[in-house]
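Next up, run.pdb (PDB, C-alpha atoms):
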```
ATOM      1  CA  MET A   1     117.225  66.629 -64.907
ATOM      2  CA  ALA A   2     120.723  65.146 -64.688
ATOM      3  CA  LEU A   3     121.149  61.550 -63.635
ATOM      4  CA  SER A   4     123.096  60.844 -60.457
ATOM      5  CA  LYS A   5     126.292  58.818 -60.641
ATOM      6  CA  LYS A   6     124.435  55.761 -59.298
ATOM      7  CA  GLN A   7     121.564  56.154 -61.771
ATOM      8  CA  LYS A   8     124.053  56.386 -64.670
ATOM      9  CA  ALA A   9     125.756  53.245 -63.428
ATOM     10  CA  LEU A  10     122.417  51.448 -63.375
ATOM     11  CA  THR A  11     121.331  52.535 -66.849
ATOM     12  CA  VAL A  12     120.596  49.486 -68.984
ATOM     13  CA  ASP A  13     119.621  49.262 -72.630
ATOM     14  CA  THR A  14     115.989  48.194 -72.262
ATOM     15  CA  ILE A  15     115.700  47.078 -75.886
ATOM     16  CA  LYS A  16     118.867  45.070 -76.463
ATOM     17  CA  LEU A  17     118.757  41.319 -75.912
ATOM     18  CA  HIS A  18     121.855  39.957 -74.182
ATOM     19  CA  GLY A  19     123.534  36.603 -73.923
ATOM     20  CA  VAL A  20     123.146  34.833 -70.577
ATOM     21  CA  ASP A  21     126.708  35.362 -69.359
ATOM     22  CA  GLU A  22     126.697  39.018 -70.428
ATOM     23  CA  ALA A  23     123.365  39.612 -68.646
ATOM     24  CA  ILE A  24     124.637  37.978 -65.450
ATOM     25  CA  GLY A  25     127.700  40.239 -65.557
ATOM     26  CA  ILE A  26     125.541  43.353 -65.976
ATOM     27  CA  ALA A  27     123.228  42.302 -63.134
ATOM     28  CA  LYS A  28     126.224  41.743 -60.836
ATOM     29  CA  THR A  29     127.699  45.136 -61.777
ATOM     30  CA  ASN A  30     124.379  46.851 -61.046
ATOM     31  CA  ALA A  31     124.115  45.303 -57.575
ATOM     32  CA  THR A  32     125.396  48.378 -55.747
ATOM     33  CA  ALA A  33     123.250  48.288 -52.583
ATOM     34  CA  LYS A  34     124.900  48.106 -49.180
ATOM     35  CA  PHE A  35     123.656  44.538 -48.725
ATOM     36  CA  ASP A  36     124.355  41.406 -50.760
ATOM     37  CA  GLU A  37     121.543  41.595 -53.301
ATOM     38  CA  THR A  38     119.783  38.526 -54.656
ATOM     39  CA  ILE A  39     120.137  37.866 -58.365
ATOM     40  CA  GLU A  40     116.638  37.193 -59.673
ATOM     41  CA  VAL A  41     115.353  35.658 -62.884
ATOM     42  CA  ALA A  42     111.954  36.345 -64.470
ATOM     43  CA  LEU A  43     110.654  34.013 -67.163
ATOM     44  CA  ASN A  44     107.542  34.873 -69.161
ATOM     45  CA  LEU A  45     105.976  31.602 -70.300
ATOM     46  CA  GLY A  46     103.450  30.937 -73.015
ATOM     47  CA  VAL A  47     100.916  29.451 -70.608
ATOM     48  CA  ASP A  48      97.625  30.492 -69.032
ATOM     49  CA  PRO A  49      97.821  29.297 -65.401
ATOM     50  CA  ARG A  50      94.076  29.788 -64.994
ATOM     51  CA  HIS A  51      93.800  26.432 -66.752
ATOM     52  CA  ALA A  52      94.817  23.481 -64.598
ATOM     53  CA  ASP A  53      96.591  21.787 -67.510
ATOM     54  CA  GLN A  54      98.860  24.828 -67.961
ATOM     55  CA  MET A  55     100.072  25.221 -64.386
ATOM     56  CA  VAL A  56     103.872  25.173 -64.081
ATOM     57  CA  ARG A  57     105.067  24.382 -60.575
ATOM     58  CA  GLY A  58     107.860  22.357 -59.051
ATOM     59  CA  VAL A  59     111.113  22.306 -57.144
ATOM     60  CA  VAL A  60     114.703  22.430 -58.305
ATOM     61  CA  THR A  61     117.988  22.138 -56.442
ATOM     62  CA  LEU A  62     120.366  24.918 -57.386
ATOM     63  CA  PRO A  63     123.809  23.260 -57.594
ATOM     64  CA  LYS A  64     125.609  26.268 -56.096
ATOM     65  CA  GLY A  65     123.022  26.955 -53.389
ATOM     66  CA  THR A  66     120.908  30.044 -52.814
ATOM     67  CA  GLY A  67     123.136  31.989 -50.447
ATOM     68  CA  LYS A  68     120.096  32.350 -48.236
ATOM     69  CA  ASP A  69     119.672  31.019 -44.706
ATOM     70  CA  VAL A  70     116.396  29.101 -45.069
ATOM     71  CA  ARG A  71     114.337  28.560 -41.917
ATOM     72  CA  VAL A  72     112.361  25.327 -42.051
ATOM     73  CA  GLY A  73     109.160  24.514 -40.168
ATOM     74  CA  VAL A  74     108.075  20.885 -39.785
ATOM     75  CA  PHE A  75     104.789  19.370 -38.658
ATOM     76  CA  ALA A  76     105.676  16.012 -37.128
ATOM     77  CA  ARG A  77     105.443  13.991 -33.912
ATOM     78  CA  GLY A  78     107.712  11.623 -32.010
ATOM     79  CA  ALA A  79     110.653  10.120 -33.865
ATOM     80  CA  LYS A  80     109.904  12.114 -37.018
ATOM     81  CA  ALA A  81     109.993  15.359 -35.017
ATOM     82  CA  ASP A  82     113.362  14.306 -33.605
ATOM     83  CA  GLU A  83     114.573  13.496 -37.137
ATOM     84  CA  ALA A  84     113.529  16.963 -38.335
ATOM     85  CA  ARG A  85     115.385  18.678 -35.483
ATOM     86  CA  ALA A  86     118.501  16.577 -36.096
ATOM     87  CA  ALA A  87     118.449  17.640 -39.758
ATOM     88  CA  GLY A  88     118.404  21.309 -38.734
ATOM     89  CA  ALA A  89     114.722  22.332 -38.765
ATOM     90  CA  GLU A  90     114.247  25.483 -36.696
ATOM     91  CA  VAL A  91     110.537  25.062 -35.924
ATOM     92  CA  VAL A  92     109.037  21.635 -35.156
ATOM     93  CA  GLY A  93     105.676  20.804 -33.638
ATOM     94  CA  ALA A  94     102.092  19.621 -34.020
ATOM     95  CA  GLU A  95      99.087  21.172 -32.254
ATOM     96  CA  ASP A  96     101.413  23.647 -30.537
ATOM     97  CA  LEU A  97     102.773  24.801 -33.899
ATOM     98  CA  LEU A  98      99.220  25.036 -35.260
ATOM     99  CA  GLU A  99      98.298  27.396 -32.413
ATOM    100  CA  THR A 100     101.441  29.490 -32.931
ATOM    101  CA  ILE A 101     100.634  29.986 -36.610
ATOM    102  CA  GLN A 102      96.958  30.693 -35.908
ATOM    103  CA  GLY A 103      98.186  33.323 -33.444
ATOM    104  CA  GLY A 104      99.916  35.147 -36.291
ATOM    105  CA  THR A 105     103.505  33.897 -36.049
ATOM    106  CA  VAL A 106     104.921  32.216 -39.157
ATOM    107  CA  ASP A 107     108.624  31.921 -38.404
ATOM    108  CA  PHE A 108     109.877  29.834 -41.339
ATOM    109  CA  ASP A 109     110.510  30.006 -45.096
ATOM    110  CA  ARG A 110     109.621  26.395 -46.035
ATOM    111  CA  CYS A 111     107.045  24.087 -44.476
ATOM    112  CA  ILE A 112     107.295  20.292 -44.401
ATOM    113  CA  ALA A 113     104.829  17.808 -42.934
ATOM    114  CA  THR A 114     104.494  14.067 -42.453
ATOM    115  CA  PRO A 115     101.379  12.672 -44.206
ATOM    116  CA  ASP A 116      99.574  11.955 -40.930
ATOM    117  CA  MET A 117      99.777  15.664 -40.020
ATOM    118  CA  MET A 118      97.986  16.984 -43.111
ATOM    119  CA  GLY A 119      94.574  16.929 -41.405
ATOM    120  CA  LEU A 120      96.021  19.394 -38.932
ATOM    121  CA  VAL A 121      97.936  21.424 -41.506
ATOM    122  CA  GLY A 122      94.851  21.654 -43.714
ATOM    123  CA  ARG A 123      93.256  23.929 -41.124
ATOM    124  CA  LEU A 124      96.007  26.450 -41.876
ATOM    125  CA  GLY A 125      95.309  26.657 -45.608
ATOM    126  CA  LYS A 126      94.105  30.261 -45.494
ATOM    127  CA  ILE A 127      97.307  31.313 -43.719
ATOM    128  CA  LEU A 128      99.960  29.151 -45.368
ATOM    129  CA  GLY A 129      98.397  29.015 -48.861
ATOM    130  CA  PRO A 130      98.761  32.719 -49.770
ATOM    131  CA  LYS A 131     102.359  32.638 -48.518
ATOM    132  CA  GLY A 132     103.179  29.681 -50.771
ATOM    133  CA  LEU A 133     104.029  27.585 -47.714
ATOM    134  CA  MET A 134     101.378  24.844 -47.874
ATOM    135  CA  PRO A 135     103.078  21.428 -47.873
ATOM    136  CA  ASN A 136     102.489  19.500 -51.097
ATOM    137  CA  PRO A 137     103.380  15.875 -51.880
ATOM    138  CA  LYS A 138     104.245  16.828 -55.494
ATOM    139  CA  LEU A 139     106.891  19.215 -54.146
ATOM    140  CA  GLY A 140     108.327  16.686 -51.726
ATOM    141  CA  THR A 141     107.157  18.674 -48.702
ATOM    142  CA  VAL A 142     104.634  16.051 -47.550
ATOM    143  CA  THR A 143     106.874  13.104 -46.792
ATOM    144  CA  MET A 144     107.985  10.590 -44.195
ATOM    145  CA  ASN A 145     111.594  11.369 -45.159
ATOM    146  CA  VAL A 146     111.560  14.609 -43.189
ATOM    147  CA  GLY A 147     115.301  14.574 -42.586
ATOM    148  CA  GLU A 148     116.054  14.487 -46.316
ATOM    149  CA  ALA A 149     113.409  17.125 -47.011
ATOM    150  CA  VAL A 150     114.839  19.491 -44.400
ATOM    151  CA  LYS A 151     118.383  19.069 -45.737
ATOM    152  CA  ALA A 152     117.170  19.663 -49.317
ATOM    153  CA  ALA A 153     115.339  22.855 -48.293
ATOM    154  CA  LYS A 154     118.485  24.131 -46.607
ATOM    155  CA  GLY A 155     120.854  22.957 -49.323
ATOM    156  CA  GLY A 156     119.706  25.005 -52.299
ATOM    157  CA  GLN A 157     116.295  23.627 -53.187
ATOM    158  CA  VAL A 158     113.843  26.284 -54.364
ATOM    159  CA  GLU A 159     110.204  26.130 -55.381
ATOM    160  CA  TYR A 160     108.950  27.809 -58.532
ATOM    161  CA  ARG A 161     105.366  28.553 -59.487
ATOM    162  CA  VAL A 162     103.913  30.446 -62.419
ATOM    163  CA  GLU A 163     101.915  33.553 -61.488
ATOM    164  CA  LYS A 164      98.636  34.739 -63.040
ATOM    165  CA  ALA A 165     100.390  36.668 -65.805
ATOM    166  CA  GLY A 166     102.369  33.583 -66.869
ATOM    167  CA  ILE A 167     105.586  34.711 -65.173
ATOM    168  CA  ILE A 168     107.914  32.791 -62.861
ATOM    169  CA  HIS A 169     110.207  34.743 -60.537
ATOM    170  CA  SER A 170     113.050  33.000 -58.741
ATOM    171  CA  GLY A 171     116.301  33.912 -57.049
ATOM    172  CA  ILE A 172     119.403  32.087 -58.312
ATOM    173  CA  GLY A 173     121.931  33.236 -55.729
ATOM    174  CA  LYS A 174     123.605  36.362 -54.401
ATOM    175  CA  ALA A 175     125.439  39.126 -56.235
ATOM    176  CA  SER A 176     128.604  38.040 -54.397
ATOM    177  CA  PHE A 177     128.479  34.626 -56.106
ATOM    178  CA  PRO A 178     131.019  34.050 -58.906
ATOM    179  CA  ALA A 179     129.424  34.528 -62.324
ATOM    180  CA  GLU A 180     129.990  30.859 -63.186
ATOM    181  CA  ASP A 181     128.033  29.779 -60.085
ATOM    182  CA  LEU A 182     125.127  32.033 -61.042
ATOM    183  CA  ARG A 183     125.235  30.576 -64.573
ATOM    184  CA  ALA A 184     125.118  27.018 -63.182
ATOM    185  CA  ASN A 185     122.096  27.916 -61.044
ATOM    186  CA  PHE A 186     120.426  29.737 -63.952
ATOM    187  CA  ASP A 187     120.835  26.693 -66.201
ATOM    188  CA  ALA A 188     119.450  24.350 -63.520
ATOM    189  CA  LEU A 189     116.370  26.545 -63.009
ATOM    190  CA  VAL A 190     115.630  26.985 -66.715
ATOM    191  CA  ASP A 191     116.180  23.282 -67.401
ATOM    192  CA  ALA A 192     113.693  22.326 -64.660
ATOM    193  CA  ILE A 193     111.081  24.783 -65.929
ATOM    194  CA  VAL A 194     111.481  23.625 -69.527
ATOM    195  CA  LYS A 195     111.085  19.990 -68.448
ATOM    196  CA  ALA A 196     107.940  21.026 -66.542
ATOM    197  CA  LYS A 197     106.303  22.306 -69.742
ATOM    198  CA  PRO A 198     102.625  21.354 -69.460
ATOM    199  CA  SER A 199     100.921  19.374 -72.192
ATOM    200  CA  GLY A 200      98.309  22.122 -72.508
ATOM    201  CA  ALA A 201     100.845  24.795 -73.459
ATOM    202  CA  LYS A 202     100.585  25.827 -77.113
ATOM    203  CA  GLY A 203     102.959  27.912 -79.218
ATOM    204  CA  LYS A 204     106.213  29.378 -77.943
ATOM    205  CA  TYR A 205     106.865  28.292 -74.347
ATOM    206  CA  LEU A 206     109.796  30.475 -73.258
ATOM    207  CA  LYS A 207     108.714  33.918 -74.462
ATOM    208  CA  LYS A 208     110.833  36.375 -72.474
ATOM    209  CA  VAL A 209     113.710  36.082 -70.001
ATOM    210  CA  ALA A 210     115.209  38.796 -67.806
ATOM    211  CA  ILE A 211     117.655  38.958 -64.930
ATOM    212  CA  SER A 212     118.258  41.606 -62.300
ATOM    213  CA  SER A 213     119.603  42.206 -58.819
ATOM    214  CA  SER A 214     117.154  42.965 -56.006
ATOM    215  CA  MET A 215     117.488  46.734 -56.453
ATOM    216  CA  GLY A 216     118.783  46.875 -60.018
ATOM    217  CA  PRO A 217     117.056  47.198 -63.407
ATOM    218  CA  GLY A 218     116.057  44.192 -65.467
ATOM    219  CA  VAL A 219     118.447  42.983 -68.167
ATOM    220  CA  LYS A 220     116.738  41.230 -71.076
ATOM    221  CA  ILE A 221     118.139  37.915 -72.246
ATOM    222  CA  ASP A 222     117.715  36.618 -75.784
ATOM    223  CA  PRO A 223     115.562  33.480 -75.382
ATOM    224  CA  ALA A 224     117.452  31.986 -78.321
ATOM    225  CA  GLU A 225     120.623  32.193 -76.196
ATOM    226  CA  VAL A 226     119.050  30.070 -73.473
ATOM    227  CA  SER A 227     119.924  26.446 -74.055
ATOM    228  CA  ILE A 228     116.641  24.578 -73.838
ATOM    229  CA  ALA A 229     115.667  21.084 -74.795
TER     230      ALA A 229
END
```
As structure tokens, the full file:
Amino acid sequence: MALSKKQKALTVDTIKLHGVDEAIGIAKTNATAKFDETIEVALNLGVDPRHADQMVRGVVTLPKGTGKDVRVGVFARGAKADEARAAGAEVVGAEDLLETIQGGTVDFDRCIATPDMMGLVGRLGKILGPKGLMPNPKLGTVTMNVGEAVKAAKGGQVEYRVEKAGIIHSGIGKASFPAEDLRANFDALVDAIVKAKPSGAKGKYLKKVAISSSMGPGVKIDPAEVSIA
């Protein structure tokens, strides 16, 4: 069966390992959807996240931003609620926000809370946890500095977390971004993940790296081409 013109355009050598810049160029070329596709990175790490000492999780600020309009929800009262709104948070509340979420409406992409609200937020663990939205002090999302946290979430900060198979997926921008901006974001993400290498990880840490657009095929990157410490 003959390939369509679009399928031919999206054909990628699935064996060849590419340099980072070359792979970014291929991923951008293959982003042919009618919307501005996200450029995504997948890193296969030599860890077993079932062991607590091999969990890789953190936050990183992408220097060129994400290209995504991030909606932020904040659990706070009084002056801290006002601070969150002033910083641009779309959803701010306490018991009222708890009830909204329990009713099935989760209208935000990142969740921040002041420490005194965690007793309340803890009741939402079964809803927010599976969505990766549970505030966490290690990620800077349980904080009294809610204004700074809101601005960081909107300014290019992304969370990363290793999945069961030892893989981290993360967007590094949009296909419309200049290649050099995507490279800067790629380097920032990889650098953060390398620095987050757990003490329990044995053997090769960065095993496989691939990049793709939302709808495009994966392009393999030679791990040796990725500058890591």
Please identify all polymer residues within 8 Å of Leu98 (chain A), counting only C-alpha atoms, omitting same-chain residues fewer than 3 positions from it, and present them as an MDAnalysis selection string.
chainID A and resid 93:95 101:102 120:121 124
Selection result for the PyMOL selection byres ((chain A and resi 89) around 10) on this file, as a list in words
Val70, Arg71, Val72, Gly73, Val74, Ala81, Asp82, Glu83, Ala84, Arg85, Ala86, Ala87, Gly88, Glu90, Val91, Val92, Phe108, Arg110, Cys111, Ile112, Val146, Gly147, Ala149, Val150, Lys151, Ala153 and Lys154 of chain A
Put those residues in a file: C-alpha atoms, as a compact mmCIF listing (two decimals), keeping the file's coordinate frame.
```
# COMPACT_ATOMS: atom_id res chain seq x y z
CA VAL A 70 116.40 29.10 -45.07
CA ARG A 71 114.34 28.56 -41.92
CA VAL A 72 112.36 25.33 -42.05
CA GLY A 73 109.16 24.51 -40.17
CA VAL A 74 108.08 20.88 -39.78
CA ALA A 81 109.99 15.36 -35.02
CA ASP A 82 113.36 14.31 -33.60
CA GLU A 83 114.57 13.50 -37.14
CA ALA A 84 113.53 16.96 -38.34
CA ARG A 85 115.38 18.68 -35.48
CA ALA A 86 118.50 16.58 -36.10
CA ALA A 87 118.45 17.64 -39.76
CA GLY A 88 118.40 21.31 -38.73
CA GLU A 90 114.25 25.48 -36.70
CA VAL A 91 110.54 25.06 -35.92
CA VAL A 92 109.04 21.64 -35.16
CA PHE A 108 109.88 29.83 -41.34
CA ARG A 110 109.62 26.40 -46.04
CA CYS A 111 107.04 24.09 -44.48
CA ILE A 112 107.30 20.29 -44.40
CA VAL A 146 111.56 14.61 -43.19
CA GLY A 147 115.30 14.57 -42.59
CA ALA A 149 113.41 17.12 -47.01
CA VAL A 150 114.84 19.49 -44.40
CA LYS A 151 118.38 19.07 -45.74
CA ALA A 153 115.34 22.86 -48.29
CA LYS A 154 118.48 24.13 -46.61
```
Explicit residues for the PyMOL selection byres ((chain A and resi 61) around 6) (as a list in words):
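When the PyMOL selection byres ((chain A and resi 61) around 6) is applied, the selected residues are Val60, Leu62, Gly156 and Gln157 of chain A.
CA of Met134 (chain A) is found 28.0 Å from CA of Ala210 (chain A).
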Interatomic distance between CA of Glu225 (chain A) and CA of Asp187 (chain A)?
11.4 Å
Step by step, work through what the PyMOL selection byres ((chain A and resi 38-44) around 8) selects in the shown file, and finish by giving those residues as an mmCIF file with C-alpha atoms, in the frame of the given file.
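The new file out-v5.cif reads:
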```
data_model
loop_
_atom_site.group_PDB
_atom_site.id
_atom_site.type_symbol
_atom_site.label_atom_id
_atom_site.label_comp_id
_atom_site.auth_asym_id
_atom_site.auth_seq_id
_atom_site.Cartn_x
_atom_site.Cartn_y
_atom_site.Cartn_z
ATOM 1 C CA ALA A 27 123.228 42.302 -63.134
ATOM 2 C CA LYS A 28 126.224 41.743 -60.836
ATOM 3 C CA ASP A 36 124.355 41.406 -50.760
ATOM 4 C CA GLU A 37 121.543 41.595 -53.301
ATOM 5 C CA LEU A 45 105.976 31.602 -70.300
ATOM 6 C CA GLY A 46 103.450 30.937 -73.015
ATOM 7 C CA GLY A 166 102.369 33.583 -66.869
ATOM 8 C CA ILE A 167 105.586 34.711 -65.173
ATOM 9 C CA ILE A 168 107.914 32.791 -62.861
ATOM 10 C CA HIS A 169 110.207 34.743 -60.537
ATOM 11 C CA SER A 170 113.050 33.000 -58.741
ATOM 12 C CA GLY A 171 116.301 33.912 -57.049
ATOM 13 C CA ILE A 172 119.403 32.087 -58.312
ATOM 14 C CA GLY A 173 121.931 33.236 -55.729
ATOM 15 C CA LYS A 174 123.605 36.362 -54.401
ATOM 16 C CA ALA A 175 125.439 39.126 -56.235
ATOM 17 C CA PHE A 186 120.426 29.737 -63.952
ATOM 18 C CA LEU A 206 109.796 30.475 -73.258
ATOM 19 C CA LYS A 207 108.714 33.918 -74.462
ATOM 20 C CA LYS A 208 110.833 36.375 -72.474
ATOM 21 C CA VAL A 209 113.710 36.082 -70.001
ATOM 22 C CA ALA A 210 115.209 38.796 -67.806
ATOM 23 C CA ILE A 211 117.655 38.958 -64.930
ATOM 24 C CA SER A 212 118.258 41.606 -62.300
ATOM 25 C CA SER A 213 119.603 42.206 -58.819
ATOM 26 C CA SER A 214 117.154 42.965 -56.006
#
```
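Closest to Glu99 (chain A) among A:Arg123, A:Val56, A:Tyr205, A:Ser176 is A:Arg123, based on only C-alpha atoms.
Here CA of Asp53 (chain A) stands at a distance of 11.4 Å from CA of Ala196 (chain A).
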Nearest to Asn30 (chain A): which of A:Ile15, A:Ala76, A:Val219, A:Met118 is it, counting only C-alpha atoms?
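Answer, going by the shortest atom-to-atom distance: A:Val219.
Candidate residues A:Arg57, A:Lys164, A:Lys68, A:Lys34 were compared for distance to Lys195 (chain A), and the nearest is A:Arg57, using all atoms listed in the file.
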